[in-house]
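Structure file start_15.tsv with TSV, C-alpha atoms:
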```
chain	number	residue	atom	x	y	z
N	274	MET	CA	4.61	1.58	-13.46
N	275	LEU	CA	4.21	4.62	-11.20
N	276	LYS	CA	5.76	8.05	-11.61
N	277	ILE	CA	5.13	11.05	-9.37
N	278	GLU	CA	6.48	14.48	-10.27
N	279	ASP	CA	6.65	17.53	-7.99
N	280	LEU	CA	3.55	16.57	-6.01
N	281	TRP	CA	2.08	19.13	-3.61
N	282	VAL	CA	-1.00	18.05	-1.64
N	283	SER	CA	-3.18	19.73	0.97
N	284	ILE	CA	-5.87	18.45	3.34
N	285	ASP	CA	-8.46	20.96	4.57
N	286	GLY	CA	-6.11	23.78	3.62
N	287	LYS	CA	-3.06	22.30	5.38
N	288	GLU	CA	-0.06	21.49	3.20
N	289	ILE	CA	1.06	17.86	3.69
N	290	LEU	CA	3.12	16.77	0.67
N	291	LYS	CA	5.71	19.26	-0.53
N	292	GLY	CA	7.23	18.73	-3.95
N	293	LEU	CA	7.45	14.96	-3.72
N	294	ASN	CA	9.04	12.88	-6.51
N	295	LEU	CA	8.99	9.08	-6.88
N	296	HIS	CA	9.72	6.62	-9.70
N	297	LEU	CA	8.69	2.97	-9.30
N	298	PRO	CA	9.49	0.65	-12.24
N	299	GLN	CA	7.38	-2.31	-13.29
N	300	GLY	CA	8.05	-5.48	-11.31
N	301	GLU	CA	9.68	-3.76	-8.34
N	302	THR	CA	8.60	-3.39	-4.72
N	303	HIS	CA	9.55	-0.21	-2.90
N	304	VAL	CA	9.11	0.54	0.79
N	305	LEU	CA	8.56	3.97	2.32
N	306	PHE	CA	9.61	4.54	5.92
N	307	GLY	CA	8.41	7.44	8.02
N	308	LYS	CA	7.23	8.30	11.49
N	309	ASN	CA	3.56	8.97	12.18
N	310	GLY	CA	2.37	12.22	10.66
N	311	SER	CA	5.10	12.44	8.03
N	312	GLY	CA	2.64	12.15	5.12
N	313	LYS	CA	2.94	8.46	4.18
N	314	SER	CA	-0.77	7.63	4.19
N	315	THR	CA	-1.56	10.94	2.49
N	316	LEU	CA	0.66	9.87	-0.40
N	317	LEU	CA	-1.19	6.57	-0.87
N	318	MET	CA	-4.63	8.19	-0.60
N	319	THR	CA	-3.60	10.82	-3.14
N	320	ILE	CA	-2.31	8.20	-5.57
N	321	MET	CA	-5.66	6.41	-5.20
N	322	GLY	CA	-7.58	9.62	-5.84
N	323	PHE	CA	-9.61	10.22	-2.69
N	324	GLN	CA	-11.29	13.63	-2.92
N	325	ARG	CA	-10.23	14.93	0.49
N	326	TYR	CA	-6.61	15.04	-0.71
N	327	GLN	CA	-6.26	18.11	-2.91
N	328	VAL	CA	-3.46	18.10	-5.49
N	329	LYS	CA	-2.21	21.68	-5.74
N	330	GLN	CA	0.65	20.98	-8.10
N	331	GLY	CA	2.36	18.04	-9.80
N	332	LYS	CA	1.44	14.91	-11.73
N	333	ILE	CA	0.75	11.22	-11.05
N	334	TYR	CA	1.34	8.75	-13.89
N	335	LEU	CA	0.29	5.08	-13.97
N	336	GLN	CA	1.95	3.05	-16.73
N	337	GLY	CA	2.62	6.29	-18.60
N	338	ARG	CA	-0.93	7.63	-18.32
N	339	ASP	CA	-1.67	10.83	-16.43
N	340	VAL	CA	-4.21	9.87	-13.74
N	341	THR	CA	-3.91	13.03	-11.62
N	342	GLU	CA	-7.50	14.14	-12.31
N	343	LEU	CA	-9.16	10.73	-12.62
N	344	PRO	CA	-11.73	9.58	-10.03
N	345	THR	CA	-10.88	6.68	-7.74
N	346	TYR	CA	-12.97	4.06	-9.54
N	347	GLU	CA	-11.26	4.77	-12.86
N	348	ARG	CA	-7.83	4.42	-11.25
N	349	ALA	CA	-8.93	1.06	-9.83
N	350	ARG	CA	-10.04	-0.06	-13.29
N	351	LEU	CA	-6.64	0.90	-14.66
N	352	GLY	CA	-4.92	-1.36	-12.13
N	353	LEU	CA	-4.45	0.54	-8.87
N	354	GLY	CA	-5.29	-1.34	-5.67
N	355	LEU	CA	-5.06	-0.21	-2.04
N	356	ALA	CA	-5.10	-2.02	1.30
N	357	PHE	CA	-5.92	0.35	4.15
N	358	GLN	CA	-4.14	0.44	7.47
N	359	ARG	CA	-7.49	0.62	9.28
N	360	PRO	CA	-10.21	-0.48	6.84
N	361	PRO	CA	-13.74	0.60	7.79
N	362	ALA	CA	-16.49	-1.80	8.77
N	363	ILE	CA	-19.39	-1.78	6.31
N	364	ARG	CA	-22.64	-2.75	7.99
N	365	GLY	CA	-25.24	-4.46	5.85
N	366	VAL	CA	-22.74	-5.60	3.20
N	367	LYS	CA	-21.42	-9.15	3.22
N	368	THR	CA	-17.77	-9.96	2.63
N	369	ARG	CA	-18.88	-12.33	-0.14
N	370	ASP	CA	-20.43	-9.41	-2.07
N	371	VAL	CA	-17.29	-7.28	-1.87
N	372	LEU	CA	-15.07	-10.14	-3.05
N	373	PHE	CA	-17.48	-10.79	-5.91
N	374	ALA	CA	-17.38	-7.11	-6.90
N	375	CYS	CA	-13.56	-7.08	-6.78
N	376	ALA	CA	-13.17	-10.30	-8.76
N	377	GLY	CA	-15.64	-9.58	-11.56
N	378	THR	CA	-15.60	-12.66	-13.77
N	379	LYS	CA	-12.54	-14.18	-12.08
N	380	PRO	CA	-13.05	-17.04	-9.59
N	381	TYR	CA	-12.35	-16.03	-6.00
N	382	MET	CA	-13.44	-19.07	-3.98
N	383	PRO	CA	-10.11	-20.91	-4.40
N	384	LEU	CA	-8.40	-17.91	-2.73
N	385	VAL	CA	-10.95	-17.89	0.10
N	386	GLU	CA	-10.47	-21.60	0.74
N	387	GLN	CA	-6.68	-21.45	0.53
N	388	TYR	CA	-6.49	-18.76	3.20
N	389	ASN	CA	-9.19	-20.24	5.46
N	390	PHE	CA	-11.63	-17.36	5.04
N	391	THR	CA	-14.79	-19.30	4.16
N	392	ASP	CA	-16.41	-18.66	7.55
N	393	PHE	CA	-16.21	-14.90	6.98
N	394	LEU	CA	-18.05	-14.76	3.66
N	395	ASP	CA	-21.49	-14.16	5.16
N	396	ARG	CA	-20.28	-11.74	7.83
N	397	GLU	CA	-20.57	-7.99	7.38
N	398	VAL	CA	-17.42	-6.50	5.89
N	399	ASN	CA	-14.77	-6.08	8.61
N	400	TYR	CA	-17.38	-5.86	11.37
N	401	GLY	CA	-16.01	-7.43	14.55
N	402	PHE	CA	-12.85	-8.66	12.78
N	403	SER	CA	-9.58	-8.95	14.70
N	404	GLY	CA	-6.46	-7.16	13.43
N	405	GLY	CA	-5.24	-10.23	11.57
N	406	GLU	CA	-8.69	-10.93	10.10
N	407	LEU	CA	-8.94	-7.33	8.87
N	408	LYS	CA	-5.64	-7.64	7.03
N	409	ARG	CA	-6.54	-10.97	5.48
N	410	SER	CA	-9.88	-9.55	4.35
N	411	GLU	CA	-8.20	-6.52	2.77
N	412	LEU	CA	-5.53	-8.58	1.03
N	413	LEU	CA	-8.00	-11.17	-0.26
N	414	GLN	CA	-9.97	-8.33	-1.82
N	415	LEU	CA	-6.77	-7.20	-3.54
N	416	LEU	CA	-6.05	-10.74	-4.74
N	417	ALA	CA	-9.55	-10.88	-6.18
N	418	GLN	CA	-9.09	-7.49	-7.86
N	419	ASP	CA	-5.63	-8.47	-9.17
N	420	PRO	CA	-4.20	-4.93	-9.56
N	421	SER	CA	-0.96	-4.19	-11.39
N	422	MET	CA	0.08	-1.49	-8.89
N	423	VAL	CA	-0.37	-2.51	-5.25
N	424	LEU	CA	-0.45	0.13	-2.47
N	425	LEU	CA	-0.12	-1.20	1.09
N	426	ASP	CA	-0.62	1.05	4.10
N	427	GLU	CA	1.28	-0.41	7.09
N	428	PRO	CA	0.30	-4.05	6.41
N	429	GLU	CA	1.93	-5.24	9.67
N	430	SER	CA	-0.05	-2.83	11.86
N	431	GLY	CA	-2.24	-4.58	14.44
N	432	VAL	CA	-1.29	-8.08	13.28
N	433	ASP	CA	0.06	-10.79	15.59
N	434	LEU	CA	3.07	-12.89	14.59
N	435	GLU	CA	1.03	-15.89	13.47
N	436	ASN	CA	-1.10	-13.81	11.11
N	437	LEU	CA	1.86	-11.70	9.99
N	438	GLU	CA	3.37	-14.72	8.28
N	439	VAL	CA	0.11	-15.24	6.36
N	440	VAL	CA	-0.02	-11.53	5.52
N	441	GLY	CA	3.52	-11.75	4.14
N	442	GLU	CA	2.61	-14.81	2.10
N	443	ILE	CA	-0.41	-13.07	0.52
N	444	ILE	CA	1.61	-9.93	-0.24
N	445	GLY	CA	4.28	-12.09	-1.86
N	446	ARG	CA	1.62	-13.64	-4.06
N	447	LEU	CA	0.16	-10.23	-4.93
N	448	LEU	CA	3.59	-8.98	-6.00
N	449	GLN	CA	4.58	-12.20	-7.84
N	450	LYS	CA	7.59	-12.82	-5.63
N	451	ASP	CA	7.69	-16.41	-6.87
N	452	ARG	CA	8.89	-15.08	-10.25
N	453	ARG	CA	12.31	-13.74	-11.13
N	454	ARG	CA	12.45	-9.97	-10.88
N	455	GLY	CA	12.60	-9.38	-14.63
N	456	HIS	CA	9.48	-11.50	-15.17
N	457	ARG	CA	7.21	-9.75	-12.68
N	458	GLU	CA	4.38	-7.64	-14.07
N	459	LYS	CA	3.18	-6.14	-10.78
N	460	SER	CA	4.70	-3.42	-8.63
N	461	GLY	CA	4.21	-2.52	-5.01
N	462	LEU	CA	4.59	0.50	-2.73
N	463	ILE	CA	4.56	-0.43	0.96
N	464	ILE	CA	4.56	2.18	3.69
N	465	THR	CA	5.72	1.25	7.17
N	466	HIS	CA	6.65	2.82	10.48
N	467	THR	CA	8.31	-0.20	12.09
N	468	GLY	CA	9.76	-2.07	9.10
N	469	PHE	CA	8.58	-5.46	10.46
N	470	ILE	CA	7.09	-6.37	7.08
N	471	LEU	CA	10.63	-6.65	5.65
N	472	ASP	CA	11.01	-9.90	7.61
N	473	TYR	CA	8.49	-11.38	5.17
N	474	ILE	CA	8.85	-9.38	1.94
N	475	ASN	CA	11.97	-8.44	-0.01
N	476	ALA	CA	11.93	-4.86	-1.28
N	477	ASP	CA	14.05	-3.50	-4.12
N	478	SER	CA	14.42	0.05	-2.88
N	479	GLY	CA	13.62	2.11	0.19
N	480	TYR	CA	12.85	5.74	1.00
N	481	ILE	CA	12.55	7.89	4.09
N	482	MET	CA	9.74	10.44	4.24
N	483	LEU	CA	10.17	13.49	6.44
N	484	ASP	CA	7.77	16.42	6.62
N	485	GLY	CA	6.03	15.61	3.34
N	486	LYS	CA	9.22	15.08	1.34
N	487	ILE	CA	11.37	12.11	0.30
N	488	PRO	CA	14.96	13.24	0.82
N	489	CYS	CA	16.61	9.79	1.00
N	490	GLN	CA	16.60	6.63	-1.10
N	491	GLY	CA	18.67	3.48	-0.74
N	492	ASN	CA	18.84	-0.16	0.27
N	493	PRO	CA	15.73	-0.81	2.39
N	494	ARG	CA	17.42	-3.08	4.93
N	495	GLU	CA	20.28	-0.63	5.42
N	496	ILE	CA	17.76	2.18	5.94
N	497	LEU	CA	15.85	0.06	8.46
N	498	GLN	CA	19.04	-0.80	10.36
N	499	HIS	CA	19.98	2.88	10.50
N	500	LEU	CA	16.51	3.81	11.78
N	501	LYS	CA	16.68	1.12	14.46
N	502	GLN	CA	20.04	2.42	15.61
N	503	TYR	CA	19.52	6.18	15.35
N	504	GLY	CA	15.81	6.88	14.82
N	505	TYR	CA	14.06	9.37	12.55
N	506	GLU	CA	15.32	12.39	14.44
N	507	GLU	CA	18.90	11.59	13.44
N	508	CYS	CA	17.75	11.55	9.80
N	509	ALA	CA	16.22	14.99	10.28
N	510	ARG	CA	19.43	16.33	11.86
N	511	CYS	CA	21.50	14.83	9.05
N	512	LEU	CA	19.40	16.59	6.41
N	513	ARG	CA	19.60	19.90	8.22
```
Write out the structure in this file as structure tokens.
Amino acid sequence: MLKIEDLWVSIDGKEILKGLNLHLPQGETHVLFGKNGSGKSTLLMTIMGFQRYQVKQGKIYLQGRDVTELPTYERARLGLGLAFQRPPAIRGVKTRDVLFACAGTKPYMPLVEQYNFTDFLDREVNYGFSGGELKRSELLQLLAQDPSMVLLDEPESGVDLENLEVVGEIIGRLLQKDRRRGHREKSGLIITHTGFILDYINADSGYIMLDGKIPCQGNPREILQHLKQYGYEECARCLR
């Protein structure tokens, strides 16, 4: 589904990603751990094609197609979808209009009703939303878009426990967790600092990002337990 080879990325002349490699098969969910400033969000924004993130070297492939030079909207049309950690408010644009644009010809009202979001349709996008409402808005847009490759930037950030369960349920639906692994068509890459989202979503593989690189891969729950016990600094010392 997603393959990244020797990716080097800079922002405003500063090198952030340094020879990063990642292989995410179809139907799998992978989780990327890392402390703040390690380059996690930069990776997602680069995969999505935002212009500020300059690819200096390397390739990004989506379902075998080289998308490294494609603009963001073309990547979205090919099946990439992103939920931001802190989505911007868009004044003057109603949530209804964004969901309609994401869904195209697909019906979206059943999703809105199922997740109790009807009262937000005529509000400006994300304006005045609480943390949980922001996440539900973002994830409903993804459900309406129905991407094949789902990118989630710290989905548990700023969400209370009651809403976190709903967030986990929507992510599970996005990633077809109700199907057996071999029958899933969608893949997911979730980045997290705390790992709380693993209480609600099962991941197939985990990574640790340090200083713009991914030096470690393994069982995500074992990685999380190690991080809880020893922290990221112990990982850095181990690699040195």
Taking all atoms listed in the file into account, which of N:Leu424, N:Leu437, N:Gln387, N:Ala356 comes nearest N:Ile320? N:Leu424
Near stretch 470-481 of chain N, within 6 Å and counting only C-alpha atoms, which residues show up once chain neighbours fewer than 2 positions away are dropped, as a PDB file with C-alpha atoms, keeping the file's coordinate frame?
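Okay, this is what ended up in selection.pdb:
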```
ATOM      1  CA  THR N 302       8.600  -3.390  -4.720  1.00  0.00           C
ATOM      2  CA  HIS N 303       9.550  -0.210  -2.900  1.00  0.00           C
ATOM      3  CA  VAL N 304       9.110   0.540   0.790  1.00  0.00           C
ATOM      4  CA  LEU N 305       8.560   3.970   2.320  1.00  0.00           C
ATOM      5  CA  PHE N 306       9.610   4.540   5.920  1.00  0.00           C
ATOM      6  CA  GLY N 307       8.410   7.440   8.020  1.00  0.00           C
ATOM      7  CA  GLU N 429       1.930  -5.240   9.670  1.00  0.00           C
ATOM      8  CA  GLY N 441       3.520 -11.750   4.140  1.00  0.00           C
ATOM      9  CA  GLY N 468       9.760  -2.070   9.100  1.00  0.00           C
ATOM     10  CA  ILE N 487      11.370  12.110   0.300  1.00  0.00           C
ATOM     11  CA  CYS N 489      16.610   9.790   1.000  1.00  0.00           C
ATOM     12  CA  GLN N 490      16.600   6.630  -1.100  1.00  0.00           C
ATOM     13  CA  GLY N 491      18.670   3.480  -0.740  1.00  0.00           C
ATOM     14  CA  ASN N 492      18.840  -0.160   0.270  1.00  0.00           C
ATOM     15  CA  PRO N 493      15.730  -0.810   2.390  1.00  0.00           C
TER      16      PRO N 493
END
```
Which residue of N:Leu425, N:Leu275, N:Ile464, N:Leu384 approaches N:Leu448 most closely, using only C-alpha atoms: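 Comparing N:Leu425, N:Leu275, N:Ile464, N:Leu384 against N:Leu448, the winner is N:Leu425.
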Nearest to N:Ser311, chosen from N:Lys291, N:Lys459, N:His499, N:Lys450, with only C-alpha atoms counted in the distances: N:Lys291
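Between atom CA of N:Met422 and atom CA of N:Leu351 the interatomic distance comes to 9.2 Å.
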In the coordinates of the file, take the point (-13.3, -4.1, 14.0) and a cut-off of 9 Å; then, counting all atoms listed in the file, name each qualifying protein, DNA or RNA residue as a PyMOL selection string. chain N and resi 359-362+399-404+407
Nearest to N:Pro428: which of N:Thr391, N:Ser314, N:Gly322, N:Lys276 is it, counting only C-alpha atoms?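 Nearest to N:Pro428: N:Ser314.
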Computed gap from atom CA of N:Arg350 to atom CA of N:Gly292 is 27.2 Å
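Restricting the calculation to all atoms listed in the file, the smallest distance between N:Ala349 and any of N:Glu427, N:Asp279, N:Glu438, N:Asp419 is found for N:Asp419.
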In Å, how far is it from atom CA of N:Lys329 to atom CA of N:Gly310? 19.5 Å
Mind dumping stretch 447-458 of chain N from that block, keeping N, CA and C atoms, as a compact mmCIF listing (two decimals), in the first residue's frame?
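Final file, selection_30.txt:
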```txt
# COMPACT_ATOMS: atom_id res chain seq x y z
N LEU N 447 -12.85 2.97 9.82
CA LEU N 447 -12.02 3.43 8.70
C LEU N 447 -11.08 2.33 8.22
N LEU N 448 -10.51 1.59 9.16
CA LEU N 448 -9.48 0.61 8.84
C LEU N 448 -10.04 -0.81 8.71
N GLN N 449 -11.38 -0.92 8.68
CA GLN N 449 -12.05 -2.21 8.44
C GLN N 449 -11.64 -3.27 9.46
N LYS N 450 -11.58 -2.87 10.73
CA LYS N 450 -11.17 -3.80 11.77
C LYS N 450 -12.21 -4.88 12.04
N ASP N 451 -13.40 -4.71 11.49
CA ASP N 451 -14.43 -5.75 11.64
C ASP N 451 -14.17 -6.93 10.70
N ARG N 452 -13.25 -6.79 9.75
CA ARG N 452 -12.91 -7.85 8.82
C ARG N 452 -11.66 -8.60 9.29
N ARG N 453 -11.51 -9.81 8.83
CA ARG N 453 -10.28 -10.54 9.09
C ARG N 453 -9.14 -9.86 8.35
N ARG N 454 -7.94 -9.95 8.92
CA ARG N 454 -6.81 -9.19 8.40
C ARG N 454 -6.59 -9.40 6.90
N GLY N 455 -6.69 -10.60 6.43
CA GLY N 455 -6.44 -10.89 5.02
C GLY N 455 -7.50 -10.35 4.09
N HIS N 456 -8.64 -9.90 4.66
CA HIS N 456 -9.74 -9.40 3.83
C HIS N 456 -9.86 -7.87 3.89
N ARG N 457 -8.94 -7.21 4.57
CA ARG N 457 -9.00 -5.75 4.64
C ARG N 457 -8.33 -5.14 3.41
N GLU N 458 -8.96 -4.09 2.90
CA GLU N 458 -8.43 -3.39 1.73
C GLU N 458 -7.70 -2.10 2.13
```
